[in-house]
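S.K.: This is protein_33.txt (compact mmCIF, C-alpha atoms).
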```
# COMPACT_ATOMS: atom_id res chain seq x y z
CA MET A 169 -12.20 17.36 46.51
CA LEU A 170 -13.82 13.90 46.74
CA LYS A 171 -16.28 14.87 44.01
CA LYS A 172 -13.46 15.79 41.65
CA VAL A 173 -11.61 12.54 42.29
CA LEU A 174 -14.79 10.54 41.65
CA VAL A 175 -15.37 12.34 38.34
CA LEU A 176 -11.82 11.66 37.20
CA SER A 177 -12.05 8.03 38.31
CA GLY A 178 -15.29 7.67 36.38
CA VAL A 179 -13.70 8.93 33.17
CA LEU A 180 -10.80 6.51 33.47
CA ALA A 181 -13.06 3.63 34.45
CA LEU A 182 -15.24 4.28 31.43
CA VAL A 183 -12.45 3.96 28.90
CA GLY A 184 -9.82 2.05 30.80
CA PRO A 185 -11.11 -1.51 30.26
CA VAL A 186 -11.39 -1.10 26.48
CA ARG A 187 -8.88 -3.21 24.56
CA ALA A 188 -7.96 -3.11 20.88
CA GLN A 189 -9.56 -5.78 18.76
CA ALA A 190 -8.78 -6.37 15.11
CA GLN A 191 -10.92 -8.28 12.66
CA SER A 192 -9.60 -11.80 12.11
CA ASN A 193 -9.62 -11.36 8.31
CA GLY A 194 -7.25 -8.42 8.43
CA GLY A 195 -4.88 -8.86 11.36
CA LYS A 196 -3.42 -5.92 13.23
CA LEU A 197 -3.38 -2.72 11.23
CA ALA A 198 0.37 -2.06 11.37
CA PHE A 199 0.94 -5.46 9.69
CA LEU A 200 -1.45 -5.00 6.76
CA ILE A 201 1.16 -3.60 4.38
CA PRO A 202 4.03 -5.98 5.34
CA ASN A 203 1.69 -8.98 5.03
CA LEU A 204 -0.19 -7.74 1.97
CA TYR A 205 1.23 -10.36 -0.43
CA GLY A 206 1.23 -13.23 2.04
CA PRO A 207 3.78 -14.81 4.39
CA SER A 208 6.42 -15.17 1.66
CA GLY A 209 6.16 -11.60 0.46
CA LEU A 210 5.71 -10.68 -3.17
CA THR A 211 6.15 -13.74 -5.37
CA VAL A 212 4.80 -14.73 -8.77
CA ASP A 213 4.28 -18.14 -10.32
CA SER A 214 6.99 -19.73 -12.44
CA GLN A 215 7.71 -23.09 -13.99
CA SER A 216 10.51 -24.48 -11.87
CA VAL A 217 12.40 -25.76 -14.94
CA LEU A 218 12.40 -23.63 -18.06
CA PRO A 219 12.66 -25.02 -21.63
CA SER A 220 16.33 -24.08 -21.57
CA GLY A 221 16.83 -26.42 -18.63
CA GLU A 222 17.47 -23.55 -16.21
CA THR A 223 15.90 -23.79 -12.75
CA HIS A 224 14.16 -20.54 -11.91
CA SER A 225 12.77 -18.97 -8.74
CA ALA A 226 10.39 -16.03 -9.19
CA HIS A 227 10.92 -13.90 -6.09
CA TYR A 228 10.39 -10.16 -5.83
CA ASN A 229 10.39 -9.96 -2.06
CA SER A 230 13.62 -8.02 -1.53
CA ALA A 231 12.37 -5.00 -3.48
CA PHE A 232 9.03 -5.21 -1.70
CA GLN A 233 10.68 -5.23 1.73
CA THR A 234 12.97 -2.33 0.78
CA SER A 235 10.16 -0.10 -0.49
CA PHE A 236 7.03 -0.99 1.42
CA THR A 237 8.71 -1.42 4.80
CA GLN A 238 9.65 2.26 4.59
CA LEU A 239 6.13 3.18 3.43
CA ASN A 240 4.66 1.24 6.33
CA THR A 241 6.90 3.08 8.79
CA LEU A 242 5.95 6.45 7.35
CA LEU A 243 2.22 5.75 7.40
CA ALA A 244 2.16 4.02 10.78
CA ILE A 245 3.91 6.87 12.61
CA GLN A 246 1.63 9.55 11.24
CA LEU A 247 -1.66 7.63 11.35
CA ALA A 248 -1.05 6.74 15.00
CA THR A 249 -0.10 10.22 16.23
CA PRO A 250 -2.60 12.93 15.18
CA PRO A 251 -2.50 15.80 17.75
CA LEU A 252 -5.12 15.72 20.50
CA PRO A 253 -7.60 18.59 20.94
CA SER A 254 -6.73 21.01 23.73
CA PRO A 255 -8.43 20.36 27.11
CA ALA A 256 -8.61 24.13 27.78
CA SER A 257 -11.76 25.12 29.68
CA GLY A 258 -14.24 27.57 28.18
CA PHE A 259 -14.93 29.08 31.61
CA THR A 260 -12.07 30.55 33.65
CA TYR A 261 -12.34 32.11 37.11
CA THR A 262 -10.36 33.85 39.78
CA LEU A 263 -11.25 34.39 43.43
CA ASP A 264 -12.04 37.96 44.42
CA PRO A 265 -10.61 38.09 47.99
CA ALA A 266 -12.58 41.22 48.87
CA LEU A 267 -15.94 39.68 47.96
CA GLY A 268 -15.03 36.05 48.61
CA VAL A 269 -16.57 34.91 45.34
CA PHE A 270 -15.27 33.64 42.01
CA GLN A 271 -15.46 35.96 39.02
CA ARG A 272 -14.96 35.09 35.35
CA THR A 273 -11.63 36.29 34.03
CA THR A 274 -12.62 36.36 30.33
CA ASP A 275 -15.78 37.21 28.41
CA SER A 276 -15.07 34.75 25.59
CA PHE A 277 -15.13 30.97 25.82
CA GLY A 278 -11.67 30.55 24.33
CA PRO A 279 -10.33 28.63 21.31
CA LEU A 280 -11.18 25.09 20.22
CA LEU A 281 -7.75 23.65 19.43
CA ALA A 282 -5.38 26.11 21.09
CA GLU A 283 -4.46 26.83 24.69
CA ARG A 284 -4.92 30.17 26.43
CA ALA A 285 -2.94 31.55 29.36
CA GLU A 286 -5.85 31.77 31.82
CA THR A 287 -6.32 28.95 34.34
CA ILE A 288 -9.69 27.56 35.35
CA GLY A 289 -9.54 28.74 38.99
CA LYS A 290 -8.83 26.98 42.27
CA GLY A 291 -11.24 24.16 43.00
CA LYS A 292 -13.03 24.47 39.65
CA VAL A 293 -13.58 21.51 37.35
CA SER A 294 -14.29 21.33 33.63
CA PHE A 295 -15.37 18.11 31.94
CA GLY A 296 -15.67 17.70 28.18
CA PHE A 297 -15.98 15.35 25.26
CA SER A 298 -15.06 15.78 21.60
CA TYR A 299 -15.40 13.75 18.42
CA GLN A 300 -13.20 14.00 15.33
CA ARG A 301 -13.25 12.00 12.11
CA PHE A 302 -10.03 11.61 10.13
CA THR A 303 -10.21 10.37 6.55
CA PHE A 304 -6.66 10.39 5.27
CA ASP A 305 -6.36 11.41 1.62
CA THR A 306 -2.77 12.00 0.58
CA VAL A 307 0.85 11.37 1.49
CA GLU A 308 3.21 14.14 0.40
CA GLY A 309 0.54 15.25 -2.06
CA ILE A 310 0.22 11.80 -3.66
CA ASP A 311 -3.29 10.32 -3.68
CA LEU A 312 -3.31 7.46 -1.16
CA GLU A 313 -5.57 5.51 -3.50
CA GLU A 314 -3.15 5.77 -6.44
CA LEU A 315 0.31 5.01 -5.02
CA PRO A 316 2.61 3.47 -7.65
CA ALA A 317 5.40 1.07 -6.72
CA VAL A 318 7.77 -0.93 -8.90
CA PHE A 319 9.36 -4.15 -7.63
CA THR A 320 12.42 -5.72 -9.22
CA HIS A 321 13.38 -9.37 -9.24
CA ASP A 322 15.70 -10.48 -6.43
CA ASN A 323 19.23 -9.93 -7.81
CA PRO A 324 17.97 -8.22 -11.01
CA SER A 325 20.05 -8.68 -14.15
CA PRO A 326 19.50 -8.79 -17.93
CA GLY A 327 17.32 -11.60 -19.21
CA GLY A 328 14.52 -13.12 -17.17
CA ARG A 329 15.62 -11.33 -14.01
CA SER A 330 14.97 -7.95 -15.66
CA ASP A 331 11.20 -8.59 -15.52
CA LEU A 332 9.31 -6.28 -13.19
CA VAL A 333 6.15 -6.23 -11.14
CA THR A 334 4.47 -2.83 -11.23
CA THR A 335 1.70 -2.04 -8.78
CA VAL A 336 -0.96 0.58 -8.22
CA ASN A 337 -1.84 0.67 -4.55
CA ALA A 338 -4.86 2.07 -2.76
CA ILE A 339 -4.66 2.71 0.98
CA GLN A 340 -7.95 3.64 2.62
CA ALA A 341 -7.48 4.73 6.23
CA ASP A 342 -9.95 6.47 8.51
CA THR A 343 -10.23 6.99 12.25
CA ASP A 344 -13.08 8.08 14.51
CA ARG A 345 -11.63 9.58 17.69
CA PHE A 346 -13.66 10.26 20.82
CA THR A 347 -11.77 12.21 23.48
CA ALA A 348 -12.89 12.70 27.08
CA PHE A 349 -11.03 15.33 29.07
CA LEU A 350 -11.08 16.71 32.58
CA THR A 351 -9.44 19.87 33.93
CA TRP A 352 -9.11 20.59 37.64
CA GLY A 353 -7.91 23.84 39.16
CA VAL A 354 -5.39 22.66 41.75
CA ALA A 355 -4.59 26.25 42.69
CA ASP A 356 -5.64 29.66 41.47
CA ARG A 357 -2.89 29.61 38.86
CA LEU A 358 -2.28 25.89 38.41
CA ASP A 359 -4.37 23.42 36.38
CA VAL A 360 -4.03 19.69 35.85
CA SER A 361 -5.79 18.05 32.90
CA VAL A 362 -6.18 14.55 31.55
CA ALA A 363 -7.28 13.61 28.03
CA VAL A 364 -8.36 10.04 27.27
CA PRO A 365 -8.95 9.19 23.59
CA LEU A 366 -10.96 6.23 22.33
CA LEU A 367 -10.37 5.33 18.69
CA ASP A 368 -12.07 3.27 16.04
CA SER A 369 -9.76 2.77 13.05
CA ASN A 370 -10.30 1.07 9.70
CA MET A 371 -7.72 0.34 7.04
CA THR A 372 -7.85 -1.42 3.68
CA VAL A 373 -4.84 -1.92 1.41
CA THR A 374 -5.37 -2.98 -2.21
CA SER A 375 -2.56 -3.65 -4.67
CA ASP A 376 -3.17 -4.27 -8.36
CA ALA A 377 0.00 -6.02 -9.53
CA THR A 378 1.08 -6.37 -13.17
CA ILE A 379 3.98 -8.47 -14.45
CA ARG A 380 6.11 -6.57 -16.98
CA ARG A 381 8.00 -9.08 -19.15
CA ILE A 382 10.97 -6.90 -20.01
CA GLY A 383 13.35 -9.79 -20.72
CA THR A 384 10.95 -12.69 -21.34
CA GLN A 385 8.45 -11.36 -23.88
CA SER A 386 8.41 -14.68 -25.76
CA ASN A 387 8.10 -16.94 -22.72
CA PRO A 388 5.24 -16.06 -20.32
CA ALA A 389 5.97 -19.20 -18.28
CA VAL A 390 8.97 -17.54 -16.64
CA HIS A 391 6.83 -15.12 -14.62
CA TYR A 392 3.05 -15.31 -14.48
CA TYR A 393 -0.02 -15.41 -12.28
CA GLY A 394 -1.70 -18.74 -12.77
CA ASP A 395 -5.45 -18.94 -13.20
CA ALA A 396 -8.03 -21.70 -12.84
CA ASN A 397 -7.63 -22.63 -16.52
CA GLY A 398 -3.87 -23.04 -16.31
CA GLY A 399 -3.21 -19.81 -18.16
CA PHE A 400 -0.24 -17.46 -17.81
CA GLY A 401 -1.88 -14.31 -16.47
CA SER A 402 -0.15 -10.96 -16.09
CA THR A 403 -2.25 -9.33 -13.39
CA ARG A 404 -3.54 -10.12 -9.91
CA PRO A 405 -5.18 -8.03 -7.15
CA PHE A 406 -4.10 -8.35 -3.52
CA VAL A 407 -6.28 -7.06 -0.67
CA SER A 408 -5.72 -6.81 3.07
CA SER A 409 -8.00 -5.08 5.57
CA GLY A 410 -8.54 -4.67 9.28
CA GLN A 411 -10.41 -2.77 11.95
CA ALA A 412 -9.43 -1.91 15.52
CA THR A 413 -11.11 -0.19 18.44
CA GLY A 414 -9.53 0.75 21.73
CA ILE A 415 -8.09 3.33 24.05
CA GLY A 416 -5.43 5.60 22.60
CA ASP A 417 -2.48 7.33 24.25
CA VAL A 418 -3.61 9.07 27.45
CA ALA A 419 -2.19 12.58 27.95
CA LEU A 420 -1.64 14.38 31.25
CA ARG A 421 -1.17 18.17 31.30
CA LEU A 422 0.07 20.65 33.89
CA LYS A 423 -0.34 24.36 33.20
CA ALA A 424 0.79 27.23 35.43
CA ALA A 425 -0.03 30.91 34.82
CA VAL A 426 3.10 32.98 35.38
CA LEU A 427 1.67 36.27 34.13
CA HIS A 428 -1.90 37.20 35.04
CA GLY A 429 -3.94 40.10 33.72
CA LYS A 430 -4.90 41.45 30.32
CA ALA A 431 -1.70 39.97 28.99
CA GLY A 432 -1.35 36.42 30.22
CA LEU A 433 1.46 33.89 29.96
CA ALA A 434 1.36 30.27 31.04
CA LEU A 435 3.96 27.52 31.03
CA GLY A 436 2.95 23.90 30.85
CA ALA A 437 3.90 20.35 29.97
CA ASP A 438 2.09 17.42 28.40
CA VAL A 439 3.08 13.85 29.19
CA ARG A 440 1.83 11.20 26.77
CA PHE A 441 1.53 7.65 28.06
CA PRO A 442 1.89 4.72 25.58
CA THR A 443 -1.47 3.23 26.51
CA GLY A 444 -2.69 2.71 22.94
CA ASP A 445 -2.00 -0.47 21.01
CA GLU A 446 0.66 0.62 18.53
CA GLU A 447 0.34 -2.60 16.52
CA ASN A 448 -3.22 -1.55 15.73
CA LEU A 449 -2.25 2.11 15.11
CA LEU A 450 -4.24 3.19 18.16
CA GLY A 451 -1.21 4.72 19.85
CA SER A 452 2.39 5.70 19.31
CA GLY A 453 3.98 2.96 21.42
CA ALA A 454 6.30 5.56 22.95
CA TRP A 455 6.39 7.98 25.84
CA GLY A 456 6.26 11.64 24.93
CA VAL A 457 6.98 14.86 26.82
CA ARG A 458 5.97 18.24 25.44
CA PRO A 459 6.76 21.47 27.31
CA PHE A 460 4.85 24.47 25.94
CA LEU A 461 4.01 28.10 26.52
CA ALA A 462 0.72 29.86 25.95
CA PHE A 463 0.29 33.60 25.58
CA SER A 464 -3.05 35.38 25.30
CA LEU A 465 -4.20 38.97 25.36
CA ALA A 466 -7.62 40.10 26.55
CA THR A 467 -8.76 43.21 24.68
CA ARG A 468 -11.84 44.54 22.89
CA ILE A 469 -12.71 45.40 19.30
CA GLY A 470 -15.86 47.40 18.65
CA GLY A 471 -17.05 46.61 22.15
CA LEU A 472 -16.60 42.84 21.64
CA ALA A 473 -14.20 40.75 23.70
CA PHE A 474 -11.26 39.83 21.46
CA SER A 475 -8.38 37.61 22.53
CA PRO A 476 -5.41 36.82 20.27
CA HIS A 477 -3.29 33.90 21.44
CA LEU A 478 -0.02 32.16 20.65
CA ASN A 479 1.17 28.67 21.59
CA ALA A 480 4.55 27.03 21.07
CA GLY A 481 5.86 23.66 22.19
CA TYR A 482 8.37 20.91 21.50
CA LEU A 483 7.59 17.18 21.73
CA TRP A 484 10.30 14.70 22.69
CA ASN A 485 9.40 11.11 21.81
CA GLY A 486 10.82 7.80 22.93
CA GLU A 487 11.28 4.59 20.95
CA SER A 488 8.58 2.55 19.28
CA VAL A 489 8.31 -0.43 16.95
CA LEU A 490 6.35 1.85 14.61
CA ALA A 491 9.58 3.74 13.93
CA GLY A 492 11.61 0.55 13.70
CA ASP A 493 10.67 -2.79 12.15
CA ILE A 494 7.14 -3.80 13.13
CA VAL A 495 7.59 -7.34 11.75
CA ALA A 496 10.86 -8.01 13.55
CA GLY A 497 9.67 -6.20 16.68
CA THR A 498 12.70 -3.91 16.82
CA LYS A 499 12.28 -0.32 18.00
CA GLY A 500 13.41 2.96 16.49
CA ASP A 501 13.32 6.58 17.58
CA MET A 502 9.96 8.23 17.04
CA PRO A 503 10.55 11.61 15.37
CA ASN A 504 10.42 14.69 17.60
CA GLN A 505 8.10 17.56 16.75
CA ALA A 506 7.88 21.31 17.20
CA SER A 507 4.42 22.86 17.15
CA TRP A 508 2.86 26.29 17.30
CA VAL A 509 -0.54 27.90 17.03
CA PHE A 510 -1.53 31.51 16.49
CA GLY A 511 -5.04 32.85 16.21
CA PHE A 512 -7.85 34.54 18.10
CA ASP A 513 -11.22 34.03 19.72
CA LEU A 514 -13.98 36.61 19.57
CA ALA A 515 -17.09 36.85 21.77
CA ALA A 516 -19.58 37.62 18.98
CA THR A 517 -22.45 37.64 21.49
CA LYS A 518 -22.77 36.87 25.18
CA GLY A 519 -23.45 33.23 24.36
CA ILE A 520 -21.34 32.65 21.22
CA THR A 521 -17.58 32.74 20.73
CA LEU A 522 -15.92 32.41 17.33
CA SER A 523 -12.36 31.18 16.95
CA ALA A 524 -9.82 30.93 14.15
CA ASP A 525 -6.31 29.48 14.27
CA VAL A 526 -3.36 28.58 12.11
CA LEU A 527 -1.59 25.46 13.35
CA GLY A 528 1.92 24.45 12.40
CA ARG A 529 3.81 21.26 13.14
CA THR A 530 7.37 20.36 12.11
CA VAL A 531 8.32 16.69 12.26
CA PHE A 532 12.07 16.11 12.39
CA ASN A 533 14.18 13.40 10.79
CA THR A 534 11.38 11.20 9.52
CA GLN A 535 10.69 9.15 6.41
CA ARG A 536 9.28 11.02 3.43
CA VAL A 537 7.92 9.57 0.20
CA VAL A 538 8.77 11.11 -3.19
CA GLU A 539 7.45 10.45 -6.69
CA THR A 540 10.08 9.01 -9.07
CA THR A 541 10.32 7.32 -12.45
CA PHE A 542 11.68 3.79 -12.72
CA HIS A 543 13.88 2.98 -15.73
CA ALA A 544 13.86 -0.69 -16.76
CA LEU A 545 16.99 -2.59 -17.76
CA ASP A 546 15.94 -2.60 -21.43
CA GLY A 547 16.83 1.10 -21.50
CA VAL A 548 13.44 2.00 -22.97
CA SER A 549 10.58 1.19 -20.59
CA THR A 550 9.72 3.59 -17.77
CA PHE A 551 7.11 3.34 -15.02
CA PRO A 552 5.89 5.66 -12.25
CA ASP A 553 7.35 4.75 -8.87
CA ILE A 554 7.91 6.06 -5.36
CA GLY A 555 11.11 6.51 -3.41
CA PHE A 556 12.00 7.46 0.14
CA GLU A 557 14.24 9.95 1.85
CA SER A 558 14.86 11.09 5.39
CA GLY A 559 14.17 14.69 6.30
CA ASP A 560 11.95 17.20 8.06
CA PHE A 561 8.56 18.46 7.02
CA THR A 562 6.14 21.11 8.25
CA ALA A 563 2.39 20.62 8.12
CA TRP A 564 0.13 23.69 8.15
CA ASP A 565 -3.57 23.66 9.03
CA ALA A 566 -6.29 26.23 9.55
CA ALA A 567 -9.03 25.74 12.15
CA VAL A 568 -12.30 27.63 12.51
CA GLY A 569 -14.88 26.99 15.18
CA ILE A 570 -17.71 28.16 17.34
CA LYS A 571 -18.50 27.70 21.03
CA ALA A 572 -22.13 28.22 22.03
CA ASN A 573 -23.52 28.53 25.56
CA PRO A 574 -27.15 27.30 25.45
CA SER A 575 -27.58 27.43 29.23
CA GLY A 576 -25.69 27.58 32.51
CA ARG A 577 -22.12 26.40 32.22
CA LEU A 578 -22.66 24.11 29.26
CA LEU A 579 -20.79 24.79 26.03
CA LEU A 580 -21.34 23.17 22.64
CA ASP A 581 -18.33 23.04 20.30
CA LEU A 582 -18.25 22.83 16.52
CA GLY A 583 -15.21 23.21 14.29
CA LEU A 584 -13.41 22.31 11.06
CA VAL A 585 -9.70 21.82 10.43
CA PHE A 586 -8.44 22.38 6.88
CA ALA A 587 -5.09 21.18 5.53
CA LEU A 588 -3.16 24.13 4.08
CA ASN A 589 -0.35 22.13 2.48
CA LYS A 590 0.36 18.57 1.39
CA THR A 591 3.32 17.46 3.47
CA GLY A 592 3.06 14.25 5.46
CA VAL A 593 -0.08 12.11 5.61
CA ARG A 594 -3.01 14.48 5.41
CA ASP A 595 -6.75 14.66 5.89
CA THR A 596 -8.14 17.48 3.74
CA VAL A 597 -10.93 18.42 6.16
CA THR A 598 -11.38 17.15 9.72
CA PRO A 599 -14.67 17.92 11.52
CA LEU A 600 -14.90 18.35 15.31
CA VAL A 601 -17.96 18.38 17.57
CA GLY A 602 -18.13 18.29 21.33
CA PHE A 603 -19.33 19.72 24.58
CA GLU A 604 -17.88 21.11 27.81
CA TYR A 605 -19.37 21.56 31.26
CA SER A 606 -17.84 23.43 34.18
CA PHE A 607 -18.68 23.35 37.87
```
Mind converting the file's structure to structure tokens?

M.R.:
Amino acid sequence: MLKKVLVLSGVLALVGPVRAQAQSNGGKLAFLIPNLYGPSGLTVDSQSVLPSGETHSAHYNSAFQTSFTQLNTLLAIQLATPPLPSPASGFTYTLDPALGVFQRTTDSFGPLLAERAETIGKGKVSFGFSYQRFTFDTVEGIDLEELPAVFTHDNPSPGGRSDLVTTVNAIQADTDRFTAFLTWGVADRLDVSVAVPLLDSNMTVTSDATIRRIGTQSNPAVHYYGDANGGFGSTRPFVSSGQATGIGDVALRLKAAVLHGKAGLALGADVRFPTGDEENLLGSGAWGVRPFLAFSLATRIGGLAFSPHLNAGYLWNGESVLAGDIVAGTKGDMPNQASWVFGFDLAATKGITLSADVLGRTVFNTQRVVETTFHALDGVSTFPDIGFESGDFTAWDAAVGIKANPSGRLLLDLGLVFALNKTGVRDTVTPLVGFEYSF
């Protein structure tokens, strides 16, 4: 017992002191988009008094806040909450009371990203570590490096206020996630697990802005980007970047086997603690509770151990500034999620298990981005744009992997996760490598 407590304490001590740190040139990651154009938002240069004698103020901040605040909310929620790998142990045991020894309950080493019904066995411990790299590519099928957005003048109207600022935006976001996990068999049919992620995230936002003189074609001094030569430029790039490293949201899991045998059924619950810095997109900023069930069947195909499995769960989330207004510091409800996994693992040889899964996740009542066309007030000019709507979406992924047993109770893990559709913020291919050791 003391040994198990020391191992768990060592894991937490290793990652616990880490704090998020952002580069000074970029600020915290959740603020990169709101602060992209500076403290006053999106503004352009203008001569304060026009030839007509009219005093003019060239502000486009209201449209920016309306559009990009919603985009920031959408991206922040999904970038900060990718699902954690399962802490399921590759070795599971049960005590044979007649012989007084532990015997393995399965011939395969189980799935990589799913949960199986078998428990690890009373007094047994499994320790593991995994690494995943996320390079986010698209949002709702739109290339994250080619996001259009059109901003209108504050209080747009015919004339000078009908001028627009069109932008092409590139958002580069990637995360390296290292997850340490520990599973302890409290009883023969009851496991407790802890997963502690450590994240290194990078984000760069670039906006190429172009002034469209819809109502002021003959007077570039109304709206312009000034240059060193005093000219009336039409374009300007804006760039904001940041990097953060720190502990993510720690997850605690309880799993109890209620049906034991060839057909197994387990009930469990995950509790997510808001330990990650949400302002740096290292965590959700909200508590989460996810009850789940796991079903698995131990059978054989052609003499090989074959185990299909099915998981289903529902995640209730609390409030977070990521779902509200990150600049104002007000919280909103993080969207709840339903998730499920179905697949199989196959013991190809005594020392190698192959796994394949389809993973589904439905996110409820969240922001979604849609491609639209903006029609200017001149009734002729059109520009590509994005809009926002509230709704649900379902993300589908496929995962394939291998678990190899080079010696003793050591397992090496290798897998790939492929996006099967384009809803939400997606990474086309996510690699996973890791190891597990049981004792």

S.K.: In terms of the shortest atom-to-atom distance over only C-alpha atoms, which of A:Asn485, A:Ser294, A:Ser575, A:Thr335 is closest to Thr374 in chain A?

M.R.: A:Thr335

S.K.: List as a PyMOL selection string: which residues have an atom within 12 Å of (-4.5, -15.4, -12.2), counting all atoms listed in the file?

M.R.: chain A and resi 212-213+376-379+391-406

S.K.: So which one's closest to Arg421 in chain A, A:Gln215, A:Ser330, A:Ser361, A:Gln385? Using all atoms listed in the file, please.

M.R.: A:Ser361

S.K.: Find the residues around Gly497 in chain A up to 12 Å (all atoms listed in the file counted), leave out those fewer than 6 positions away in its own chain, and share them as number ranges by chain.

M.R.: A: 198-199, 446-447, 453, 487-491

S.K.: Which distance in Å separates CA of Asp305 in chain A and CA of Leu522 in chain A, to one decimal?

M.R.: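 Distance between the two atoms: 27.9 Å.
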
S.K.: May I have the protein, DNA and RNA residues with an atom at most 10 Å from (-1.7, 10.3, 14.0), counting all atoms listed in the file in the file's coordinates, returned as a PyMOL selection string?

M.R.: chain A and resi 243-252+302+343+449-452+593-594

S.K.: Write out as a list of chain:residue names which residues come within 9 Å of Ala587 in chain A when counting all atoms listed in the file, dropping same-chain ones fewer than 6 positions away.

M.R.: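 After dropping sequence-adjacent residues, the list is A:Ala563, A:Trp564, A:Asp565, A:Ala566, A:Ala567, A:Arg594, A:Asp595, A:Thr596, A:Val597, A:Thr598.
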
S.K.: Please indicate the distance in Å from CA of Thr413 in chain A to CA of Ala363 in chain A, rounded to one decimal place.

M.R.: 17.2 Å

S.K.: Record the distance separating CA of Ile339 in chain A and CA of Leu312 in chain A, expressed in Å with one decimal.

M.R.: 5.4 Å

S.K.: Which is closest to Asn479 in chain A among A:Val509, A:Val548, A:Ala437, A:Ala424, if we use all atoms listed in the file?

M.R.: A:Val509

S.K.: Please list as a list of chain:residue names every residue within 7 Å of range 277-285 of chain A, counting all atoms listed in the file and excluding residues in the same chain fewer than 3 positions away.

M.R.: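 So the residues in contact are A:Pro253, A:Ser254, A:Ala256, A:Gly258, A:Phe259, A:Ala425, A:Gly432, A:Leu433, A:Ala434, A:Ala462, A:Phe463, A:Ser464, A:His477, A:Asn479, A:Val509, A:Asp513, A:Thr521, A:Ser523, A:Gly569, A:Lys571.
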
S.K.: Name the closest residue to Thr241 in chain A among the candidates A:Val537, A:Leu483, A:Leu579, A:Val354; distances are taken between atoms, counting all atoms listed in the file.

M.R.: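 Smallest separation from Thr241 in chain A among the options: A:Val537.
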